[in-house]
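Structure first, then comments.
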Number of protein chains: 2
Amino acid sequence: MTYCVGMQIDAGLIFMSDTRTNAGVDNISTFRKMYSWETPGERVVTIMAAGNLATTQSVISQLGERDKRPQEDRPSLLRARSMFAIANIIGETLRDTIRGDALSGETAESQFGATFIVGGQIRGLPPRLFLVYPEGNFIEATPDTPFFQIGETKYGRPILVRAYDPQMSFADAAKLLMVSFDSTLKANLTVGLPFDMQIVPVDQCRIGFETRIQADDPYFNEISRSWGNALKQAFRSLPPYDLPL
Amino acid sequence: MTYCVGMQIDAGLIFMSDTRTNAGVDNISTFRKMYSWETPGERVVTIMAAGNLATTQSVISQLGERDKRPQEDRPSLLRARSMFAIANIIGETLRDTIRGDALSGETAESQFGATFIVGGQIRGLPPRLFLVYPEGNFIEATPDTPFFQIGETKYGRPILVRAYDPQMSFADAAKLLMVSFDSTLKANLTVGLPFDMQIVPVDQCRIGFETRIQADDPYFNEISRSWGNALKQAFRSLPPYDLPL
């Protein structure tokens, strides 16, 4: 499984992804699920992937190869005119990859499907955030739905829905994502540390901050510990039920 | 979908279930999912069901029919010697029902499967709580795993894990279940009000309290409102992330 969240706030975009992949519960590995394309000051594109690892790695590799050959005639993330065009390129590459594997006639124990979160900004245009489906089509984040989750989305969703605020700082957004990831981690063995986190401040068109949160990260461990107590405290603060018993 | 929780605390057992059934999202109905067998002071048995409605109603009807005919030779919930025997009876009835439907050769759009939570107490024996699988086998709650959820279990799980305490009062347990149901309700359209709640105090071998929480229930609505604020407050109380940006 996987857990990735891409979130849009007034200050820009923030991304977080776990790194665990598994085939069964006794075959787990660490793989990066966050990839970036950057021409600092001109554009930044970040992609996070959930689903079949062979599919997602293939898509990322194909996209990367195109940038290395400037005479390449297939569309490249570093040359596309808009974030919309970039989401389109990723969707087409994803769909073609899945279709290619499926049409090869081979069957696999797992599905070939995958889902991507894509966000970024190109100079002169606003930052945008998309969720790309295995079919190659996609949806865009709006003020009504300002974040996307992929993978194991349920455990970490209630706190996102409740505490999200478009005016929050990046520091608060990072804290919120850590709480959401902590809830998911506690419930699903196939989501695991380390986590990758990336921040893209609005109108800078570059990665503003990037870090890998390891299992011994003191802040994440502090959040994990204190969130349990804070939840208990929140629960105690609710009005008592008047039980006629 | 469905959401039901059965929880064991030192004070006894508490059960809560929603009432929404659906075939698609445009065909929803209200059906009770909580059923009780009671000889007050001698025994009380409560069952909650998730899964195929035809299967669960058939199982409940078969179990009910047996009690109405004292000369019936099939085992009855009101005559079984122990809660273990009762879980066995329910498991066998469930398995036979599913097998009967599956072997009839008919195929259905939905699966025939169902899962039950069974709890109660017989005089002279301790209260017990079981989760019965479609295969007819079952597991029992223990101090390590003192509650069972069936149906849409994920959204409402983090708060149960974090705030459960075996020494909590029934009033606090009811509050906890309402918070857990509220989180689930907010996230999954196929879980819906009204909710049924039942409390079985230890060693009384009877239903101590039973109520139906309607959509206009003032306490539930107060919890739903104030839990959002309490969560935000809990989030704010966490230490800030020191973002070098």
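Each chain in the structure tokens gets a letter, A, B, ..., in the order shown, and its residues are numbered from 1; ligands are numbered from 1 in order too.
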Within 7 Å of Gln214 (chain A) using only C-alpha atoms, minus same-chain residues under 5 positions, as a PDB file with all heavy atoms, in the first residue's frame:
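As a result, selection_37.pdb now contains:
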ATOM      1  N   LEU A 193       7.397   4.450   7.408  1.00  0.00           N
ATOM      2  CA  LEU A 193       8.469   5.433   7.368  1.00  0.00           C
ATOM      3  C   LEU A 193       9.631   4.884   6.545  1.00  0.00           C
ATOM      4  O   LEU A 193       9.728   3.669   6.400  1.00  0.00           O
ATOM      5  CB  LEU A 193       8.946   5.748   8.792  1.00  0.00           C
ATOM      6  CG  LEU A 193       8.015   6.619   9.643  1.00  0.00           C
ATOM      7  CD1 LEU A 193       8.195   6.321  11.111  1.00  0.00           C
ATOM      8  CD2 LEU A 193       8.299   8.091   9.357  1.00  0.00           C
ATOM      9  N   PRO A 194      10.535   5.707   6.032  1.00  0.00           N
ATOM     10  CA  PRO A 194      10.534   7.164   6.085  1.00  0.00           C
ATOM     11  C   PRO A 194       9.475   7.795   5.177  1.00  0.00           C
ATOM     12  O   PRO A 194       8.960   7.153   4.270  1.00  0.00           O
ATOM     13  CB  PRO A 194      11.937   7.534   5.620  1.00  0.00           C
ATOM     14  CG  PRO A 194      12.368   6.400   4.763  1.00  0.00           C
ATOM     15  CD  PRO A 194      11.727   5.176   5.361  1.00  0.00           C
ATOM     16  N   PHE A 195       9.166   9.064   5.477  1.00  0.00           N
ATOM     17  CA  PHE A 195       8.268   9.853   4.644  1.00  0.00           C
ATOM     18  C   PHE A 195       9.084  10.922   3.907  1.00  0.00           C
ATOM     19  O   PHE A 195      10.041  11.453   4.462  1.00  0.00           O
ATOM     20  CB  PHE A 195       7.211  10.585   5.492  1.00  0.00           C
ATOM     21  CG  PHE A 195       6.366   9.687   6.340  1.00  0.00           C
ATOM     22  CD1 PHE A 195       5.938  10.099   7.600  1.00  0.00           C
ATOM     23  CD2 PHE A 195       5.969   8.431   5.889  1.00  0.00           C
ATOM     24  CE1 PHE A 195       5.146   9.279   8.390  1.00  0.00           C
ATOM     25  CE2 PHE A 195       5.171   7.609   6.675  1.00  0.00           C
ATOM     26  CZ  PHE A 195       4.762   8.031   7.929  1.00  0.00           C
TER      27      PHE A 195
END
Hey, what does DSSP flag as strand (DSSP E or B) within region 7-234 of chain A? Can you give it to me as an MDAnalysis selection string? chainID A and resid 7:9 12:17 20:22 28:30 34:39 43:51 114:122 128:132 138:140 147:151 195:201 209:213
Those of region 40-233 of chain A in DSSP alpha helix (DSSP H), formatted as number ranges by chain: A: 53-68, 83-103, 157-163, 170-187, 218-233
Test item: residues at most 12 Å from Lys68 (chain B), only C-alpha atoms, excluding those fewer than 6 positions along its chain, as a list in words: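 Contacts, with the query itself left out: Trp37, Ser61, Gln62, Arg74, Ser76, Leu77, Leu78 and Arg79 of chain B.
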For Ser82 (chain B), work out the shell of residues within 12 Å, counting only C-alpha atoms and skipping chain neighbours fewer than 4 positions away, then give it as a list of chain:residue names.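 Near neighbours after the sequence-gap exclusion: B:Glu42, B:Arg43, B:Val44, B:Val45, B:Pro75, B:Ser76, B:Leu77, B:Leu78, B:Ile86, B:Ala87, B:Asn88, B:Ile89, B:Gly119, B:Gly120, B:Gln121, B:Ile122, B:Arg123, B:Gly124, B:Leu125, B:Pro126, B:Pro127, B:Arg128, B:Leu129.
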Residue list for chain A near chain B as a VMD selection string, 8 Å, only C-alpha atoms: chain A and resid 154 to 159 162 to 163 170 to 172 174 to 176 183 187 208 to 209 219 223 226 to 228 230 to 235 237 to 245
Name the residues in contact with Val191 (chain B) at a cut-off of 7 Å, using only C-alpha atoms, excluding same-chain residues fewer than 5 positions from it; report them as a list of chain:residue names. B:Met1, B:Thr2, B:Tyr3, B:Asp18, B:Arg20, B:Leu185
Output all heavy atoms of each residue in that selection to a file, as a JSON list (two decimals), in the first residue's frame.
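File result25.json, as written:
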[["chain", "number", "residue", "atom", "x", "y", "z"],
["B", 1, "MET", "N", -23.52, -0.01, 2.72],
["B", 1, "MET", "CA", -22.50, -0.24, 3.75],
["B", 1, "MET", "C", -23.18, -0.22, 5.12],
["B", 1, "MET", "O", -24.40, -0.08, 5.22],
["B", 1, "MET", "CB", -21.41, 0.83, 3.62],
["B", 1, "MET", "CG", -20.08, 0.45, 4.21],
["B", 1, "MET", "SD", -19.33, -1.01, 3.45],
["B", 1, "MET", "CE", -17.61, -0.79, 3.86],
["B", 2, "THR", "N", -22.38, -0.28, 6.13],
["B", 2, "THR", "CA", -22.86, -0.44, 7.50],
["B", 2, "THR", "C", -21.73, 0.00, 8.41],
["B", 2, "THR", "O", -20.58, -0.03, 8.03],
["B", 2, "THR", "CB", -23.13, -1.95, 7.77],
["B", 2, "THR", "OG1", -24.32, -2.33, 7.11],
["B", 2, "THR", "CG2", -23.24, -2.26, 9.24],
["B", 3, "TYR", "N", -22.06, 0.43, 9.61],
["B", 3, "TYR", "CA", -21.03, 0.56, 10.62],
["B", 3, "TYR", "C", -21.61, 0.10, 11.95],
["B", 3, "TYR", "O", -22.64, 0.64, 12.40],
["B", 3, "TYR", "CB", -20.52, 2.00, 10.71],
["B", 3, "TYR", "CG", -19.37, 2.19, 11.68],
["B", 3, "TYR", "CD1", -18.34, 1.25, 11.75],
["B", 3, "TYR", "CD2", -19.30, 3.29, 12.52],
["B", 3, "TYR", "CE1", -17.28, 1.41, 12.62],
["B", 3, "TYR", "CE2", -18.23, 3.47, 13.40],
["B", 3, "TYR", "CZ", -17.22, 2.53, 13.45],
["B", 3, "TYR", "OH", -16.17, 2.68, 14.31],
["B", 18, "ASP", "N", -25.49, 1.50, 12.84],
["B", 18, "ASP", "CA", -26.26, 2.41, 12.01],
["B", 18, "ASP", "C", -27.43, 1.63, 11.41],
["B", 18, "ASP", "O", -27.63, 0.45, 11.75],
["B", 18, "ASP", "CB", -25.38, 3.07, 10.94],
["B", 18, "ASP", "CG", -25.25, 2.22, 9.70],
["B", 18, "ASP", "OD1", -25.08, 0.99, 9.85],
["B", 18, "ASP", "OD2", -25.32, 2.75, 8.59],
["B", 20, "ARG", "N", -28.42, 2.15, 7.84],
["B", 20, "ARG", "CA", -28.55, 2.38, 6.40],
["B", 20, "ARG", "C", -28.15, 1.14, 5.60],
["B", 20, "ARG", "O", -27.11, 0.55, 5.85],
["B", 20, "ARG", "CB", -27.69, 3.57, 5.97],
["B", 20, "ARG", "CG", -27.87, 3.90, 4.50],
["B", 20, "ARG", "CD", -27.40, 5.29, 4.18],
["B", 20, "ARG", "NE", -28.27, 6.30, 4.78],
["B", 20, "ARG", "CZ", -28.04, 7.61, 4.71],
["B", 20, "ARG", "NH1", -26.97, 8.05, 4.11],
["B", 20, "ARG", "NH2", -28.88, 8.46, 5.27],
["B", 185, "LEU", "N", -19.77, 8.73, 9.56],
["B", 185, "LEU", "CA", -20.91, 9.36, 8.88],
["B", 185, "LEU", "C", -20.45, 10.48, 7.96],
["B", 185, "LEU", "O", -20.95, 10.63, 6.84],
["B", 185, "LEU", "CB", -21.79, 9.95, 9.97],
["B", 185, "LEU", "CG", -23.21, 10.36, 9.69],
["B", 185, "LEU", "CD1", -24.04, 9.12, 9.47],
["B", 185, "LEU", "CD2", -23.77, 11.14, 10.86]]
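Contact shell of Val59 (chain B) at 7 Å (only C-alpha atoms; same-chain neighbours under 3 positions omitted): Thr55, Thr56, Gln62, Leu63, Thr93, Leu94 and Thr97 of chain B.
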At what distance in Å, to one decimal, does CA of Met48 (chain B) lie from CA of Ala85 (chain B)?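 Atom-to-atom, CA of Ala85 (chain B) to CA of Met48 (chain B), that is 17.1 Å.
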